[in-house]
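Comments concern the structure below.
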Amino acid sequence: MSYQFITSAKLPTRHGEFDLHVFENEDGQEHVMLTVGLPVVNPLLEENAAPTAPTNEQHKLADHPIPLVRIHSECLTGDAFGSLKCDCGAQLNTAMQAIQATGCGAILYLRQEGRGIGLTNKIRAYALQDQGHDTLDANLMLGLPADARIYDMCSPMLAHVGVDEVRLITNNPDKVAYLSENGVNVIERVPLVVGVNDSNADYLATKRDRMGHLFDKEFYTEAHLNK
């Protein structure tokens with residue numbers, strides 16, 4: 001599937017100012033990238049476009065540190081409503097703060113709610129979780145995949161700002177593998193363990209124990225996850 005750059009603008013936030021870039025695929029689905037300290041080197045993002053000689057902006061990228069990048073899938077309940085059932089809102093805000101502090105990085109905000117199953121199915125899965133089922137089994141009980149997310153939009157979005165190597169903020173090895181397999185060199189995986197609480201302890205433990213997410217030693221010693 002091809003992706004096209006649509007428009008960009010400045011976005012002041014409580015964490016600092018970002019450049020906001022909007023992309024759209026051939027089905028009309030929109031994705032957003034927030035950047036700090038990254039020049040646009042591919043403003044058209046046209047599929048099969050002829051290669052061009054490096055510009056001054058592209059040469060300037062060599063002067064930047066390796067960008068700190070977060071791939072973040074949309075979570076209305078966590079990102080907007082502050083839900084404690086997941087760690088998504090805390091992850092997004094922490095990543096925004098870290099990228100501002102670094103001065104060079106990007107957040108790829110992908111419109112694939114509920115690990116790709118959509119908002120309605122996500123709330124249906126919540127109802128099953130309220131009955132005692134974990135987040136993975138709830139999806140399967142609805143006849144849905146445990147994780148339906150895709151990441152094919154990430155490489156063209158990063159190419160838009162000339163990024164081909166990153167320090168990736170993630171606990172998910174699938175994201176590291178995708179970027180590595182698609183021409184983006186992951187120099188470092190930066191763990192992100194935030195927002196742990198009694199309401200999401202089982203959710204996080206399921207990601208650790210059943211979905212292969214990677215957590216540093218301090219995560220295993222969290223009182224919430226060893227109750």
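Chain labels run A, B, ... following the order of the structure tokens; each chain numbers its residues from 1, and ligands are numbered from 1 in the order shown.
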
Name the residues in contact with range 96-98 of chain A at a cut-off of 9 Å, using only C-alpha atoms, excluding same-chain residues fewer than 4 positions from it; report them as a tab-separated table (two decimals) with all heavy atoms, in the first residue's frame.
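Dumped to around04.tsv:
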```
chain	number	residue	atom	x	y	z
A	15	HIS	N	4.38	19.89	26.06
A	15	HIS	CA	5.73	19.34	26.12
A	15	HIS	C	6.72	20.15	25.28
A	15	HIS	O	7.93	19.95	25.39
A	15	HIS	CB	5.74	17.89	25.63
A	15	HIS	CG	4.80	16.99	26.37
A	15	HIS	ND1	4.91	16.77	27.72
A	15	HIS	CD2	3.73	16.28	25.95
A	15	HIS	CE1	3.95	15.95	28.11
A	15	HIS	NE2	3.22	15.64	27.07
A	16	GLY	N	6.20	21.05	24.44
A	16	GLY	CA	7.05	21.81	23.54
A	16	GLY	C	6.46	21.81	22.14
A	16	GLY	O	5.40	21.21	21.90
A	34	LEU	N	4.88	13.40	14.44
A	34	LEU	CA	5.37	14.59	15.14
A	34	LEU	C	6.89	14.55	15.11
A	34	LEU	O	7.48	13.52	15.44
A	34	LEU	CB	4.89	14.59	16.59
A	34	LEU	CG	3.39	14.59	16.85
A	34	LEU	CD1	3.12	14.49	18.35
A	34	LEU	CD2	2.74	15.83	16.27
A	68	LEU	N	15.60	9.97	18.16
A	68	LEU	CA	14.85	9.16	19.11
A	68	LEU	C	13.43	9.02	18.54
A	68	LEU	O	12.76	10.03	18.31
A	68	LEU	CB	14.83	9.86	20.46
A	68	LEU	CG	14.33	9.10	21.69
A	68	LEU	CD1	15.18	7.86	21.95
A	68	LEU	CD2	14.34	10.02	22.90
A	70	ARG	N	9.54	7.02	18.40
A	70	ARG	CA	8.50	6.19	19.02
A	70	ARG	C	7.43	5.87	17.97
A	70	ARG	O	6.92	6.77	17.31
A	70	ARG	CB	7.85	6.94	20.19
A	70	ARG	CG	6.53	6.36	20.69
A	70	ARG	CD	6.73	5.13	21.52
A	70	ARG	NE	5.45	4.58	21.99
A	70	ARG	CZ	5.30	3.36	22.46
A	70	ARG	NH1	6.35	2.55	22.52
A	70	ARG	NH2	4.13	2.93	22.86
A	91	GLN	N	2.90	6.31	28.01
A	91	GLN	CA	3.97	6.10	27.04
A	91	GLN	C	4.05	7.25	26.05
A	91	GLN	O	5.15	7.73	25.73
A	91	GLN	CB	3.75	4.79	26.29
A	91	GLN	CG	4.03	3.54	27.11
A	91	GLN	CD	3.93	2.29	26.28
A	91	GLN	OE1	3.05	2.15	25.43
A	91	GLN	NE2	4.83	1.36	26.50
A	92	LEU	N	2.90	7.70	25.55
A	92	LEU	CA	2.90	8.79	24.57
A	92	LEU	C	3.48	10.05	25.18
A	92	LEU	O	4.35	10.71	24.58
A	92	LEU	CB	1.48	9.03	24.08
A	92	LEU	CG	1.31	10.20	23.11
A	92	LEU	CD1	2.12	9.99	21.84
A	92	LEU	CD2	-0.17	10.39	22.77
A	102	THR	N	15.70	15.60	23.95
A	102	THR	CA	16.80	15.22	23.05
A	102	THR	C	16.99	16.25	21.95
A	102	THR	O	18.11	16.50	21.51
A	102	THR	CB	16.51	13.84	22.43
A	102	THR	OG1	16.38	12.88	23.47
A	102	THR	CG2	17.62	13.41	21.48
A	103	GLY	N	15.88	16.82	21.48
A	103	GLY	CA	15.95	17.83	20.43
A	103	GLY	C	16.00	17.28	19.04
A	103	GLY	O	16.15	18.04	18.07
A	105	GLY	N	14.00	13.96	16.99
A	105	GLY	CA	13.27	12.71	17.01
A	105	GLY	C	11.89	12.82	16.41
A	105	GLY	O	11.51	13.85	15.86
A	106	ALA	N	11.14	11.72	16.51
A	106	ALA	CA	9.82	11.67	15.88
A	106	ALA	C	8.92	10.69	16.62
A	106	ALA	O	9.38	9.69	17.18
A	106	ALA	CB	9.95	11.24	14.42
A	107	ILE	N	7.63	10.99	16.59
A	107	ILE	CA	6.60	10.06	17.02
A	107	ILE	C	5.73	9.75	15.82
A	107	ILE	O	5.17	10.65	15.20
A	107	ILE	CB	5.74	10.63	18.16
A	107	ILE	CG1	6.59	10.80	19.42
A	107	ILE	CG2	4.53	9.73	18.44
A	107	ILE	CD1	5.87	11.46	20.56
```

(request) Would you mind writing down, as a PyMOL selection string, each residue of range 9-224 of chain A that DSSP on the backbone assigns to strand (DSSP E or B)? (result) chain A and resi 9-13+16-25+30-36+68-73+105-110+165-169+185-190

(message) Which residues are near His21 in chain A? Cut-off 12 Å, only C-alpha atoms, ignore same chain within fewer than 2 positions. Put them as an NGL selection string.
(response) :A and (4-11 or 18-19 or 23-24 or 30-36 or 38-40 or 42-45 or 106-109 or 157-158 or 160-161)

With N, CA and C atoms retained, export the selected residues as a compact mmCIF listing (two decimals), in the first residue's frame.
```
# COMPACT_ATOMS: atom_id res chain seq x y z
N GLN A 4 0.98 8.82 0.99
CA GLN A 4 1.26 10.13 0.42
C GLN A 4 1.27 11.18 1.52
N PHE A 5 2.28 12.04 1.48
CA PHE A 5 2.31 13.19 2.39
C PHE A 5 1.23 14.17 1.97
N ILE A 6 0.46 14.70 2.96
CA ILE A 6 -0.63 15.61 2.67
C ILE A 6 -0.29 17.06 3.05
N THR A 7 0.07 17.29 4.31
CA THR A 7 0.35 18.65 4.75
C THR A 7 1.08 18.61 6.08
N SER A 8 1.59 19.76 6.50
CA SER A 8 2.27 19.86 7.79
C SER A 8 2.03 21.23 8.39
N ALA A 9 2.24 21.33 9.70
CA ALA A 9 2.07 22.59 10.41
C ALA A 9 2.79 22.50 11.75
N LYS A 10 2.98 23.62 12.39
CA LYS A 10 3.55 23.66 13.73
C LYS A 10 2.49 23.26 14.74
N LEU A 11 2.90 22.53 15.77
CA LEU A 11 1.97 22.11 16.81
C LEU A 11 2.59 22.40 18.18
N PHE A 18 6.19 20.88 18.20
CA PHE A 18 6.50 19.83 17.23
C PHE A 18 6.11 20.31 15.84
N ASP A 19 6.74 19.73 14.83
CA ASP A 19 6.23 19.81 13.46
C ASP A 19 5.31 18.62 13.27
N PHE A 23 -0.13 12.10 6.77
CA PHE A 23 0.02 11.19 5.64
C PHE A 23 -1.30 10.46 5.42
N GLU A 24 -1.51 10.00 4.20
CA GLU A 24 -2.75 9.28 3.88
C GLU A 24 -2.43 8.13 2.94
N GLU A 30 -5.63 8.07 7.60
CA GLU A 30 -4.64 9.09 7.92
C GLU A 30 -3.73 8.62 9.05
N HIS A 31 -2.45 8.99 8.95
CA HIS A 31 -1.48 8.77 10.01
C HIS A 31 -0.73 10.09 10.23
N VAL A 32 -0.19 10.25 11.43
CA VAL A 32 0.44 11.52 11.80
C VAL A 32 1.85 11.27 12.32
N MET A 33 2.76 12.16 11.98
CA MET A 33 4.11 12.11 12.54
C MET A 33 4.42 13.45 13.19
N LEU A 34 4.88 13.40 14.44
CA LEU A 34 5.37 14.59 15.14
C LEU A 34 6.89 14.55 15.11
N THR A 35 7.51 15.65 14.74
CA THR A 35 8.97 15.66 14.68
C THR A 35 9.54 16.88 15.39
N VAL A 36 10.78 16.72 15.83
CA VAL A 36 11.57 17.81 16.40
C VAL A 36 12.97 17.71 15.80
N LEU A 38 14.09 17.71 12.76
CA LEU A 38 14.29 16.92 11.54
C LEU A 38 13.78 17.68 10.33
N PRO A 39 14.65 17.97 9.36
CA PRO A 39 14.20 18.69 8.16
C PRO A 39 13.46 17.76 7.21
N VAL A 40 12.51 18.30 6.48
CA VAL A 40 11.81 17.52 5.46
C VAL A 40 12.72 17.41 4.24
N ASN A 42 11.86 14.90 1.73
CA ASN A 42 11.06 14.28 0.69
C ASN A 42 9.64 14.83 0.77
N PRO A 43 9.42 16.07 0.34
CA PRO A 43 8.11 16.71 0.56
C PRO A 43 6.96 16.07 -0.18
N LEU A 44 7.21 15.38 -1.29
CA LEU A 44 6.12 14.81 -2.07
C LEU A 44 5.78 13.38 -1.67
N LEU A 45 6.77 12.62 -1.28
CA LEU A 45 6.58 11.23 -0.89
C LEU A 45 5.82 10.46 -1.97
N ALA A 106 11.14 11.72 16.51
CA ALA A 106 9.82 11.67 15.88
C ALA A 106 8.92 10.69 16.62
N ILE A 107 7.63 10.99 16.59
CA ILE A 107 6.60 10.06 17.02
C ILE A 107 5.73 9.75 15.82
N LEU A 108 5.67 8.48 15.46
CA LEU A 108 4.81 8.03 14.38
C LEU A 108 3.50 7.57 15.00
N TYR A 109 2.45 8.38 14.88
CA TYR A 109 1.17 8.11 15.52
C TYR A 109 0.27 7.44 14.49
N MET A 157 7.17 7.21 6.13
CA MET A 157 7.05 8.38 7.00
C MET A 157 8.42 8.84 7.46
N LEU A 158 9.27 7.91 7.86
CA LEU A 158 10.62 8.28 8.28
C LEU A 158 11.45 8.81 7.11
N HIS A 160 10.42 10.58 4.79
CA HIS A 160 9.98 11.96 4.56
C HIS A 160 10.89 12.96 5.26
N VAL A 161 11.49 12.56 6.37
CA VAL A 161 12.41 13.44 7.09
C VAL A 161 13.84 12.89 7.05
```

(request) Measuring atom to atom with only C-alpha atoms, identify which of A:Glu74, A:Glu113, A:Asp134, A:Asp27 is nearest to Ala205 in chain A. (result) A:Asp134

Picked from chain A by DSSP as helix (DSSP H, G or I), as an mmCIF file with N, CA and C atoms, in the first residue's frame:
```cif
data_model
loop_
_atom_site.group_PDB
_atom_site.id
_atom_site.type_symbol
_atom_site.label_atom_id
_atom_site.label_comp_id
_atom_site.auth_asym_id
_atom_site.auth_seq_id
_atom_site.Cartn_x
_atom_site.Cartn_y
_atom_site.Cartn_z
ATOM 1 N N ASN A 56 20.925 20.291 0.478
ATOM 2 C CA ASN A 56 21.623 20.801 1.652
ATOM 3 C C ASN A 56 20.959 20.317 2.929
ATOM 4 N N GLU A 57 19.606 20.240 2.911
ATOM 5 C CA GLU A 57 18.892 19.765 4.097
ATOM 6 C C GLU A 57 19.269 18.332 4.410
ATOM 7 N N GLN A 58 19.409 17.490 3.371
ATOM 8 C CA GLN A 58 19.800 16.108 3.605
ATOM 9 C C GLN A 58 21.212 16.027 4.174
ATOM 10 N N HIS A 59 22.089 16.845 3.668
ATOM 11 C CA HIS A 59 23.458 16.834 4.194
ATOM 12 C C HIS A 59 23.479 17.261 5.657
ATOM 13 N N LYS A 60 22.567 18.172 6.028
ATOM 14 C CA LYS A 60 22.529 18.644 7.406
ATOM 15 C C LYS A 60 22.148 17.540 8.384
ATOM 16 N N LEU A 61 21.459 16.488 7.892
ATOM 17 C CA LEU A 61 21.063 15.405 8.789
ATOM 18 C C LEU A 61 22.271 14.751 9.442
ATOM 19 N N ALA A 62 23.400 14.771 8.738
ATOM 20 C CA ALA A 62 24.601 14.154 9.291
ATOM 21 C C ALA A 62 25.069 14.863 10.550
ATOM 22 N N ASP A 63 24.644 16.108 10.717
ATOM 23 C CA ASP A 63 25.045 16.878 11.887
ATOM 24 C C ASP A 63 24.152 16.608 13.090
ATOM 25 N N LEU A 76 -7.519 5.771 21.946
ATOM 26 C CA LEU A 76 -8.399 6.846 22.394
ATOM 27 C C LEU A 76 -8.577 6.823 23.905
ATOM 28 N N THR A 77 -8.802 5.661 24.471
ATOM 29 C CA THR A 77 -9.066 5.574 25.905
ATOM 30 C C THR A 77 -7.859 5.985 26.731
ATOM 31 N N GLY A 78 -6.673 5.594 26.305
ATOM 32 C CA GLY A 78 -5.471 5.927 27.054
ATOM 33 C C GLY A 78 -4.911 7.289 26.735
ATOM 34 N N ASP A 79 -4.828 7.614 25.436
ATOM 35 C CA ASP A 79 -4.201 8.866 25.014
ATOM 36 C C ASP A 79 -5.069 10.080 25.339
ATOM 37 N N ALA A 80 -6.391 9.952 25.137
ATOM 38 C CA ALA A 80 -7.280 11.101 25.311
ATOM 39 C C ALA A 80 -8.006 11.094 26.652
ATOM 40 N N CYS A 88 -0.761 3.279 27.581
ATOM 41 C CA CYS A 88 -0.566 4.011 26.332
ATOM 42 C C CYS A 88 -0.407 5.509 26.519
ATOM 43 N N GLY A 89 -1.293 6.120 27.312
ATOM 44 C CA GLY A 89 -1.207 7.558 27.512
ATOM 45 C C GLY A 89 0.103 7.971 28.158
ATOM 46 N N ALA A 90 0.520 7.211 29.151
ATOM 47 C CA ALA A 90 1.793 7.504 29.815
ATOM 48 C C ALA A 90 2.965 7.333 28.856
ATOM 49 N N GLN A 91 2.901 6.309 28.011
ATOM 50 C CA GLN A 91 3.971 6.100 27.036
ATOM 51 C C GLN A 91 4.053 7.255 26.050
ATOM 52 N N LEU A 92 2.902 7.695 25.549
ATOM 53 C CA LEU A 92 2.900 8.787 24.574
ATOM 54 C C LEU A 92 3.481 10.054 25.178
ATOM 55 N N ASN A 93 3.029 10.433 26.350
ATOM 56 C CA ASN A 93 3.507 11.666 26.968
ATOM 57 C C ASN A 93 4.979 11.594 27.335
ATOM 58 N N THR A 94 5.416 10.444 27.821
ATOM 59 C CA THR A 94 6.833 10.290 28.165
ATOM 60 C C THR A 94 7.701 10.371 26.920
ATOM 61 N N ALA A 95 7.238 9.763 25.827
ATOM 62 C CA ALA A 95 7.998 9.817 24.575
ATOM 63 C C ALA A 95 8.081 11.250 24.055
ATOM 64 N N MET A 96 6.977 11.994 24.137
ATOM 65 C CA MET A 96 7.000 13.392 23.695
ATOM 66 C C MET A 96 7.998 14.198 24.514
ATOM 67 N N GLN A 97 8.008 13.984 25.825
ATOM 68 C CA GLN A 97 8.950 14.684 26.695
ATOM 69 C C GLN A 97 10.391 14.318 26.353
ATOM 70 N N ALA A 98 10.649 13.037 26.134
ATOM 71 C CA ALA A 98 12.010 12.579 25.859
ATOM 72 C C ALA A 98 12.525 13.138 24.541
ATOM 73 N N ILE A 99 11.671 13.170 23.526
ATOM 74 C CA ILE A 99 12.090 13.675 22.219
ATOM 75 C C ILE A 99 12.347 15.175 22.280
ATOM 76 N N GLN A 100 11.523 15.892 23.020
ATOM 77 C CA GLN A 100 11.791 17.319 23.197
ATOM 78 C C GLN A 100 13.116 17.537 23.915
ATOM 79 N N ALA A 101 13.381 16.736 24.942
ATOM 80 C CA ALA A 101 14.627 16.884 25.699
ATOM 81 C C ALA A 101 15.842 16.581 24.833
ATOM 82 N N THR A 102 15.702 15.599 23.954
ATOM 83 C CA THR A 102 16.797 15.217 23.052
ATOM 84 C C THR A 102 16.994 16.251 21.955
ATOM 85 N N LEU A 119 -12.101 0.599 17.504
ATOM 86 C CA LEU A 119 -12.562 1.045 18.815
ATOM 87 C C LEU A 119 -13.703 0.180 19.356
ATOM 88 N N THR A 120 -14.691 -0.136 18.528
ATOM 89 C CA THR A 120 -15.832 -0.910 19.007
ATOM 90 C C THR A 120 -15.400 -2.282 19.499
ATOM 91 N N ASN A 121 -14.584 -2.963 18.709
ATOM 92 C CA ASN A 121 -14.111 -4.285 19.132
ATOM 93 C C ASN A 121 -13.209 -4.190 20.358
ATOM 94 N N LYS A 122 -12.482 -3.105 20.465
ATOM 95 C CA LYS A 122 -11.643 -2.918 21.643
ATOM 96 C C LYS A 122 -12.500 -2.842 22.904
ATOM 97 N N ILE A 123 -13.610 -2.114 22.837
ATOM 98 C CA ILE A 123 -14.484 -2.005 24.006
ATOM 99 C C ILE A 123 -15.175 -3.344 24.275
ATOM 100 N N ARG A 124 -15.503 -4.092 23.229
ATOM 101 C CA ARG A 124 -16.033 -5.439 23.427
ATOM 102 C C ARG A 124 -15.004 -6.313 24.156
ATOM 103 N N ALA A 125 -13.746 -6.159 23.767
ATOM 104 C CA ALA A 125 -12.689 -6.912 24.448
ATOM 105 C C ALA A 125 -12.545 -6.453 25.897
ATOM 106 N N TYR A 126 -12.710 -5.163 26.144
ATOM 107 C CA TYR A 126 -12.695 -4.659 27.516
ATOM 108 C C TYR A 126 -13.762 -5.357 28.364
ATOM 109 N N ALA A 127 -14.958 -5.529 27.787
ATOM 110 C CA ALA A 127 -16.040 -6.168 28.529
ATOM 111 C C ALA A 127 -15.668 -7.590 28.921
ATOM 112 N N LEU A 128 -14.977 -8.290 28.023
ATOM 113 C CA LEU A 128 -14.523 -9.643 28.349
ATOM 114 C C LEU A 128 -13.422 -9.608 29.404
ATOM 115 N N GLN A 129 -12.577 -8.592 29.346
ATOM 116 C CA GLN A 129 -11.547 -8.451 30.377
ATOM 117 C C GLN A 129 -12.181 -8.187 31.739
ATOM 118 N N ASP A 130 -13.292 -7.460 31.750
ATOM 119 C CA ASP A 130 -14.000 -7.207 33.010
ATOM 120 C C ASP A 130 -14.514 -8.515 33.627
ATOM 121 N N THR A 135 -6.068 -9.725 28.001
ATOM 122 C CA THR A 135 -6.216 -8.917 26.791
ATOM 123 C C THR A 135 -6.043 -9.733 25.515
ATOM 124 N N LEU A 136 -5.215 -10.754 25.553
ATOM 125 C CA LEU A 136 -5.005 -11.586 24.373
ATOM 126 C C LEU A 136 -6.191 -12.513 24.158
ATOM 127 N N ASP A 137 -6.617 -13.210 25.199
ATOM 128 C CA ASP A 137 -7.739 -14.139 25.065
ATOM 129 C C ASP A 137 -9.027 -13.413 24.700
ATOM 130 N N ALA A 138 -9.201 -12.191 25.189
ATOM 131 C CA ALA A 138 -10.412 -11.430 24.863
ATOM 132 C C ALA A 138 -10.523 -11.221 23.359
ATOM 133 N N ASN A 139 -9.416 -10.855 22.712
ATOM 134 C CA ASN A 139 -9.431 -10.698 21.254
ATOM 135 C C ASN A 139 -9.771 -12.015 20.560
ATOM 136 N N LEU A 140 -9.143 -13.089 21.002
ATOM 137 C CA LEU A 140 -9.349 -14.386 20.363
ATOM 138 C C LEU A 140 -10.790 -14.854 20.536
ATOM 139 N N MET A 141 -11.384 -14.583 21.676
ATOM 140 C CA MET A 141 -12.772 -14.974 21.925
ATOM 141 C C MET A 141 -13.739 -14.243 20.997
ATOM 142 N N CYS A 154 5.588 3.025 8.288
ATOM 143 C CA CYS A 154 6.657 3.649 9.069
ATOM 144 C C CYS A 154 7.849 4.065 8.215
ATOM 145 N N SER A 155 8.282 3.203 7.319
ATOM 146 C CA SER A 155 9.451 3.532 6.502
ATOM 147 C C SER A 155 9.232 4.766 5.629
ATOM 148 N N PRO A 156 8.112 4.858 4.887
ATOM 149 C CA PRO A 156 7.926 6.089 4.094
ATOM 150 C C PRO A 156 7.762 7.343 4.946
ATOM 151 N N MET A 157 7.172 7.214 6.132
ATOM 152 C CA MET A 157 7.049 8.382 7.001
ATOM 153 C C MET A 157 8.422 8.844 7.463
ATOM 154 N N LEU A 158 9.275 7.912 7.861
ATOM 155 C CA LEU A 158 10.625 8.277 8.278
ATOM 156 C C LEU A 158 11.446 8.812 7.105
ATOM 157 N N ALA A 159 11.238 8.239 5.908
ATOM 158 C CA ALA A 159 11.958 8.715 4.728
ATOM 159 C C ALA A 159 11.610 10.165 4.422
ATOM 160 N N HIS A 160 10.418 10.581 4.789
ATOM 161 C CA HIS A 160 9.976 11.955 4.563
ATOM 162 C C HIS A 160 10.893 12.957 5.255
ATOM 163 N N PRO A 173 9.447 -6.210 20.467
ATOM 164 C CA PRO A 173 10.461 -6.641 19.495
ATOM 165 C C PRO A 173 9.950 -6.650 18.063
ATOM 166 N N ASP A 174 8.623 -6.733 17.852
ATOM 167 C CA ASP A 174 8.092 -6.721 16.491
ATOM 168 C C ASP A 174 8.396 -5.401 15.791
ATOM 169 N N LYS A 175 8.388 -4.306 16.532
ATOM 170 C CA LYS A 175 8.672 -3.009 15.931
ATOM 171 C C LYS A 175 10.143 -2.905 15.530
ATOM 172 N N VAL A 176 11.010 -3.429 16.371
ATOM 173 C CA VAL A 176 12.441 -3.454 16.037
ATOM 174 C C VAL A 176 12.662 -4.277 14.778
ATOM 175 N N ALA A 177 12.025 -5.450 14.706
ATOM 176 C CA ALA A 177 12.195 -6.345 13.564
ATOM 177 C C ALA A 177 11.669 -5.705 12.284
ATOM 178 N N TYR A 178 10.492 -5.056 12.373
ATOM 179 C CA TYR A 178 9.943 -4.459 11.160
ATOM 180 C C TYR A 178 10.896 -3.412 10.591
ATOM 181 N N LEU A 179 11.329 -2.479 11.415
ATOM 182 C CA LEU A 179 12.198 -1.428 10.915
ATOM 183 C C LEU A 179 13.489 -2.007 10.361
ATOM 184 N N SER A 180 14.062 -2.968 11.059
ATOM 185 C CA SER A 180 15.319 -3.568 10.624
ATOM 186 C C SER A 180 15.171 -4.269 9.276
ATOM 187 N N GLU A 181 14.008 -4.876 9.057
ATOM 188 C CA GLU A 181 13.755 -5.600 7.803
ATOM 189 C C GLU A 181 13.376 -4.680 6.655
ATOM 190 N N ALA A 201 -1.994 -3.954 35.709
ATOM 191 C CA ALA A 201 -0.944 -4.924 36.032
ATOM 192 C C ALA A 201 -1.094 -6.205 35.222
ATOM 193 N N ASP A 202 -2.308 -6.750 35.141
ATOM 194 C CA ASP A 202 -2.515 -7.985 34.386
ATOM 195 C C ASP A 202 -2.298 -7.767 32.896
ATOM 196 N N TYR A 203 -2.725 -6.619 32.397
ATOM 197 C CA TYR A 203 -2.521 -6.267 30.982
ATOM 198 C C TYR A 203 -1.029 -6.257 30.634
ATOM 199 N N LEU A 204 -0.230 -5.621 31.479
ATOM 200 C CA LEU A 204 1.206 -5.548 31.223
ATOM 201 C C LEU A 204 1.876 -6.905 31.386
ATOM 202 N N ALA A 205 1.434 -7.660 32.361
ATOM 203 C CA ALA A 205 1.997 -8.996 32.547
ATOM 204 C C ALA A 205 1.701 -9.884 31.343
ATOM 205 N N THR A 206 0.516 -9.730 30.754
ATOM 206 C CA THR A 206 0.175 -10.499 29.551
ATOM 207 C C THR A 206 1.084 -10.109 28.389
ATOM 208 N N LYS A 207 1.345 -8.824 28.229
ATOM 209 C CA LYS A 207 2.274 -8.401 27.176
ATOM 210 C C LYS A 207 3.648 -9.000 27.402
ATOM 211 N N ARG A 208 4.080 -9.053 28.645
ATOM 212 C CA ARG A 208 5.397 -9.612 28.975
ATOM 213 C C ARG A 208 5.429 -11.126 28.770
ATOM 214 N N ASP A 209 4.423 -11.822 29.306
ATOM 215 C CA ASP A 209 4.485 -13.283 29.386
ATOM 216 C C ASP A 209 3.939 -13.986 28.158
ATOM 217 N N ARG A 210 2.989 -13.358 27.445
ATOM 218 C CA ARG A 210 2.341 -14.046 26.331
ATOM 219 C C ARG A 210 2.591 -13.394 24.974
ATOM 220 N N LYS A 217 14.935 -5.236 34.048
ATOM 221 C CA LYS A 217 14.832 -5.927 35.331
ATOM 222 C C LYS A 217 13.896 -5.218 36.296
ATOM 223 N N GLU A 218 13.897 -3.869 36.271
ATOM 224 C CA GLU A 218 13.089 -3.154 37.243
ATOM 225 C C GLU A 218 11.595 -3.414 37.040
ATOM 226 N N PHE A 219 11.213 -3.746 35.817
ATOM 227 C CA PHE A 219 9.807 -4.042 35.563
ATOM 228 C C PHE A 219 9.374 -5.291 36.318
ATOM 229 N N TYR A 220 10.231 -6.273 36.377
ATOM 230 C CA TYR A 220 9.894 -7.519 37.058
ATOM 231 C C TYR A 220 9.782 -7.326 38.569
ATOM 232 N N ALA A 223 5.959 -3.861 42.250
ATOM 233 C CA ALA A 223 5.047 -4.510 43.198
ATOM 234 C C ALA A 223 3.717 -4.851 42.518
ATOM 235 N N HIS A 224 3.274 -3.991 41.565
ATOM 236 C CA HIS A 224 2.009 -4.231 40.912
ATOM 237 C C HIS A 224 2.004 -5.546 40.128
ATOM 238 N N LEU A 225 3.154 -5.942 39.611
ATOM 239 C CA LEU A 225 3.208 -7.113 38.757
ATOM 240 C C LEU A 225 3.602 -8.369 39.495
ATOM 241 N N ASN A 226 3.754 -8.273 40.778
ATOM 242 C CA ASN A 226 4.150 -9.443 41.570
ATOM 243 C C ASN A 226 3.247 -9.603 42.796
#
```

(request) Please measure the separation of CA of Val41 in chain A and CA of Asp164 in chain A, giving the value in Å to one decimal. (result)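 CA of Asp164 in chain A lies 12.1 Å from CA of Val41 in chain A.
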